[in-house]
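Asks: Just passing along the structure, written as structure tokens.
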Amino acid sequence: MNLNSRPPYEKRTFNSLEIDNYLQSLEKKFNNPILYKIFSNCYPNTLDTTIDYNSDKKESFIITGDIKAMWLRDSSLQIYPYLKHCSKDKNLSNMIKGLFKKQIMFILFDPYANAFNKIPLKSPWSNDITYKRDNMGNFENAMNPNLWERKFELDSILFPLYSMSQYFLLTSDISVFNLPNFFNMLNTIISLIKKERRGTDEENENGGPEYSFQREIAEPFDSLHFGRGNPCKTCGLIKTSFRNSDDSALFPYNIPENALLVSTFKLLLKCFNQNNIDEQIKIKFEPFKEEIKNIADAVEKSIYEHGVIIDPINKEKYFAFEVDGYGNYYFMDEPGYPNLISLPFFQFCLASNEIYINTRKRILSERNPYFIKGKFGSGCSSSHSYRRYNWPLFTIMQGLTSDNKEEVENCLKMLIESAGNKYVMHESYDIDDINKYTREWFAWANSFFGVFIDFIIEKYPDIILK
């Protein structure tokens with residue numbers, strides 16, 4: 001596939017006249033033609049290259065790019081920039097609701113899985129050792145030909161719900177909450193959360209864990225110790241076995257993932273408090289309302305009680321990246337979302353929150369073990385990639401959460417340089433040599449570059465518009 005320009009109209013996987021008109025309306029306004037070329041490639045990249053929309057079944061399967069599987073998280077964020085356009089494009093709206101319908105089906109099929117196949121097939125991870133409980137409480141093999149892999153990442157069941165809520169708030173289209181099995185999915189998510197807020201000893205006293213995962217592989221971050229990972233103590237937070245990077249968590253209580261839970265549940269409550277919610281749908285939501293509020297409040301309280309650390313030297317408070325409930329913590333940040341730097345973007349806290357300000361300052365310093373500096377600026381690497389490889393996703397989120405115009409401009413400059421002569425975003429690239437990179441077809445990063453440009457046009461238009 002030629003990534004230097006958009007595919008011809010007839011070869012695109014989905015066409016939206018509204019998106020095409022939006023891009024055309026901006027073409028002559030950009031003061032940098034190279035930036036416009038990158039933007040016009042990236043913004044529609046998910047639509048152009050990753051969509052399999054069955055209009056008869058009203059279902060959408062969206063791959064990540066060069067991996068032909070659908071991640072619940074990635075697909076939710078790939079369509080994020082298009083949500084605001086759905087009111088003007090019924091076909092786009094139907095395709096996105098088709099994605100939500102598919103995500104509901106997948107979550108009900110296996111809420112612990114993170115990535116799914118379009119049709120049953122043998123994935124590279126078919127031999128993973130992962131178990132679930134049957135109806136009698138016995139453990140059984142959970143790997144299935146419908147799954148690409150089965151890594152439990154808390155955000156995987158949250159991001160679809162987050163995007164559905166955002167879709168409704170932007171469109172007032174109540175039908176999104178009337179999709180088949182929406183409330184069954186909600187019940188499944190709540191049930192999983194209640195199980196995964198138990199610490200290791202509490203699990204052992206009640207028949208053992210719900211989830212177990214091991215992979216025969218050289219990299220330790222791709223598997224869990226004894227299938228469970230490090231122990232944790234019940235403290236009101238929710239466990240996740242893997243991070244959004246698909247790398248295993250050091251400590252089971254990941255603070256960004258728990259913060260996303262709080263934001264998602266509060267956003268859902270906001271939706272059902274709107275005046276334009278259909279009475280019958282509101283009645284269906286009523287049994288969930290109090291429990292969702294209680295979970296969100298309890299997790300938020302626990303984040304501030306167990307997920308905030310005090311620096312022994314300067315006495316500043318920070319959000320930890322991961323904790324175990326015993327008082328141990330790990331500070332870092334990683335490029336994918338949710339991460340610590342994204343907390344204001346996903347509406348967990350304000351950017352002016354003192355703890356967030358301290359946390360952000362530490363993330364963007366050498367006190368973050370994955371912070372890197374090089375020829376092309378600074379950023380954040382990941383245990384998922386080479387040590388000195390910066391991730392555009394991180395630079396994008398740094399810009400999206402900044403109220404400093406100069407910092408936003410610097411982030412944009414780095415992103416333009418990182419695109420090189422491919423004119424798209426990559427998963428990661430060498431901070432000293434942009435010709436070395438991973439994944440040149442990575443739709444999530446392309447979509448969020450579009451989100452970043454939309455943000456700049458709204459807040460600092462003079463940076464890019466004539």
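Following the order of the structure tokens, chains are lettered A, B, ..., residues in each are numbered from 1, and ligands are numbered from 1.
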Any idea what's packed within 8 Å of Ser263 (chain A), counting only C-alpha atoms, ignoring anything in its chain fewer than 4 positions away? Could you give it as a list of chain:residue names?

Replies: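 Here the answer would be A:Ala259, A:Leu267, A:Ala296, A:Phe346, A:Gln347, A:Phe348.
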
Asks: Excluding Glu10 (chain A) and its own-chain neighbours fewer than 4 positions away, which residues fall within 12 Å of it when counting only C-alpha atoms? Please give them as number ranges by chain.

Replies: A: 6, 14-15, 48-49

Asks: Using all heavy atoms, can you export the residues from the last selection as a PDB file, in the first residue's frame?

Replies:
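Contents of the output file part_28.pdb:
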ATOM      1  N   ARG A   6      -3.418   9.343   0.011  1.00  0.00           N
ATOM      2  CA  ARG A   6      -4.617   8.558   0.277  1.00  0.00           C
ATOM      3  C   ARG A   6      -4.865   7.559  -0.863  1.00  0.00           C
ATOM      4  O   ARG A   6      -4.543   7.839  -2.014  1.00  0.00           O
ATOM      5  CB  ARG A   6      -5.828   9.476   0.416  1.00  0.00           C
ATOM      6  CG  ARG A   6      -5.797  10.403   1.590  1.00  0.00           C
ATOM      7  CD  ARG A   6      -7.080  11.224   1.672  1.00  0.00           C
ATOM      8  NE  ARG A   6      -8.232  10.376   1.986  1.00  0.00           N
ATOM      9  CZ  ARG A   6      -9.482  10.821   2.027  1.00  0.00           C
ATOM     10  NH1 ARG A   6      -9.742  12.091   1.742  1.00  0.00           N
ATOM     11  NH2 ARG A   6     -10.465  10.004   2.331  1.00  0.00           N
ATOM     12  N   PHE A  14     -13.838   2.773   3.388  1.00  0.00           N
ATOM     13  CA  PHE A  14     -15.079   3.465   3.739  1.00  0.00           C
ATOM     14  C   PHE A  14     -14.944   4.912   3.281  1.00  0.00           C
ATOM     15  O   PHE A  14     -13.885   5.520   3.417  1.00  0.00           O
ATOM     16  CB  PHE A  14     -15.334   3.428   5.247  1.00  0.00           C
ATOM     17  CG  PHE A  14     -16.669   3.970   5.656  1.00  0.00           C
ATOM     18  CD1 PHE A  14     -17.784   3.151   5.670  1.00  0.00           C
ATOM     19  CD2 PHE A  14     -16.819   5.308   5.994  1.00  0.00           C
ATOM     20  CE1 PHE A  14     -19.045   3.661   6.024  1.00  0.00           C
ATOM     21  CE2 PHE A  14     -18.066   5.820   6.352  1.00  0.00           C
ATOM     22  CZ  PHE A  14     -19.174   4.986   6.367  1.00  0.00           C
ATOM     23  N   ASN A  15     -16.025   5.447   2.712  1.00  0.00           N
ATOM     24  CA  ASN A  15     -16.004   6.826   2.236  1.00  0.00           C
ATOM     25  C   ASN A  15     -17.021   7.672   2.991  1.00  0.00           C
ATOM     26  O   ASN A  15     -18.162   7.248   3.204  1.00  0.00           O
ATOM     27  CB  ASN A  15     -16.316   6.875   0.737  1.00  0.00           C
ATOM     28  CG  ASN A  15     -15.136   6.428  -0.106  1.00  0.00           C
ATOM     29  OD1 ASN A  15     -14.124   7.115  -0.160  1.00  0.00           O
ATOM     30  ND2 ASN A  15     -15.258   5.272  -0.740  1.00  0.00           N
ATOM     31  N   ASP A  48      -9.999   5.094   5.397  1.00  0.00           N
ATOM     32  CA  ASP A  48      -9.445   4.711   4.100  1.00  0.00           C
ATOM     33  C   ASP A  48      -8.946   3.272   4.058  1.00  0.00           C
ATOM     34  O   ASP A  48      -8.990   2.629   3.004  1.00  0.00           O
ATOM     35  CB  ASP A  48      -8.276   5.633   3.729  1.00  0.00           C
ATOM     36  CG  ASP A  48      -8.726   7.037   3.358  1.00  0.00           C
ATOM     37  OD1 ASP A  48      -9.941   7.265   3.225  1.00  0.00           O
ATOM     38  OD2 ASP A  48      -7.844   7.914   3.201  1.00  0.00           O
ATOM     39  N   THR A  49      -8.457   2.766   5.209  1.00  0.00           N
ATOM     40  CA  THR A  49      -7.668   1.533   5.136  1.00  0.00           C
ATOM     41  C   THR A  49      -8.065   0.415   6.095  1.00  0.00           C
ATOM     42  O   THR A  49      -7.573  -0.707   5.945  1.00  0.00           O
ATOM     43  CB  THR A  49      -6.179   1.849   5.389  1.00  0.00           C
ATOM     44  OG1 THR A  49      -6.007   2.299   6.746  1.00  0.00           O
ATOM     45  CG2 THR A  49      -5.651   2.908   4.436  1.00  0.00           C
TER      46      THR A  49
END

Asks: Write out as number ranges by chain the residues lying within 12 Å of Ile79 (chain A), counting only C-alpha atoms and excluding same-chain residues fewer than 6 positions away.

Replies: A: 19, 43-48, 50-51, 60-64, 72-73, 85-86, 92-93, 95-100, 159-160, 163-164, 166-167, 443-448, 450-451

Asks: Please identify all polymer residues within 7 Å of Cys232 (chain A), counting only C-alpha atoms, omitting same-chain residues fewer than 4 positions from it, and present them as a ChimeraX atom specification.

Replies: /A:199-200,252,324-326

Asks: Could those selected residues go to a file with N, CA, C and O atoms, as a short mmCIF file (atom, residue, chain, number, x, y, z; two decimals), in the first residue's frame?

Replies:
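File written: again06.cif
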data_model
loop_
_atom_site.label_atom_id
_atom_site.label_comp_id
_atom_site.auth_asym_id
_atom_site.auth_seq_id
_atom_site.Cartn_x
_atom_site.Cartn_y
_atom_site.Cartn_z
N GLY A 199 -8.23 -8.44 46.05
CA GLY A 199 -6.80 -8.68 46.11
C GLY A 199 -6.49 -10.16 46.03
O GLY A 199 -7.39 -11.02 46.01
N THR A 200 -5.20 -10.50 46.00
CA THR A 200 -4.77 -11.89 45.80
C THR A 200 -5.29 -12.82 46.90
O THR A 200 -5.84 -13.89 46.61
N PRO A 252 -0.52 -4.78 40.02
CA PRO A 252 -1.82 -4.97 39.36
C PRO A 252 -2.75 -3.76 39.31
O PRO A 252 -3.66 -3.73 38.48
N ASP A 324 0.33 -1.63 44.53
CA ASP A 324 -0.12 -2.99 44.86
C ASP A 324 -1.04 -3.06 46.07
O ASP A 324 -1.47 -4.14 46.47
N GLY A 325 -1.35 -1.93 46.68
CA GLY A 325 -2.22 -1.93 47.85
C GLY A 325 -1.49 -2.19 49.16
O GLY A 325 -2.05 -2.02 50.24
N TYR A 326 -0.23 -2.62 49.07
CA TYR A 326 0.60 -2.85 50.26
C TYR A 326 1.45 -1.63 50.60
O TYR A 326 2.20 -1.63 51.58
#

Asks: Determine which residues of region 73-228 of chain A receive a DSSP assignment of strand (DSSP E), computed from the backbone, and state them as a list in words.

Replies: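 Filtering region 73-228 of chain A to strand (DSSP E) leaves Ala115, Phe116, Ile129, Thr130, Tyr131, Lys132, Arg133, Phe139, Glu140, Asn141, Leu147, Trp148, Glu149, Ser212, Phe213 and Gln214 of chain A.
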
Asks: What would the file look like if the residues just selected were written as a JSON list (two decimals), in the first residue's frame with C-alpha atoms?

Replies:
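What ended up in out.json:
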[["chain", "number", "residue", "atom", "x", "y", "z"],
["A", 115, "ALA", "CA", -8.16, -8.40, 20.55],
["A", 116, "PHE", "CA", -10.38, -10.37, 18.20],
["A", 129, "ILE", "CA", -2.22, -20.79, 28.37],
["A", 130, "THR", "CA", -5.20, -18.87, 29.67],
["A", 131, "TYR", "CA", -8.16, -20.01, 31.75],
["A", 132, "LYS", "CA", -11.67, -18.92, 32.64],
["A", 133, "ARG", "CA", -14.34, -20.32, 34.96],
["A", 139, "PHE", "CA", -11.35, -23.69, 35.24],
["A", 140, "GLU", "CA", -11.36, -24.35, 31.51],
["A", 141, "ASN", "CA", -9.18, -23.31, 28.59],
["A", 147, "LEU", "CA", -9.53, -14.35, 19.74],
["A", 148, "TRP", "CA", -6.31, -12.84, 18.45],
["A", 149, "GLU", "CA", -5.04, -12.81, 22.02],
["A", 212, "SER", "CA", -4.97, -16.60, 34.34],
["A", 213, "PHE", "CA", -2.51, -16.05, 31.49],
["A", 214, "GLN", "CA", 0.92, -17.36, 30.46]]
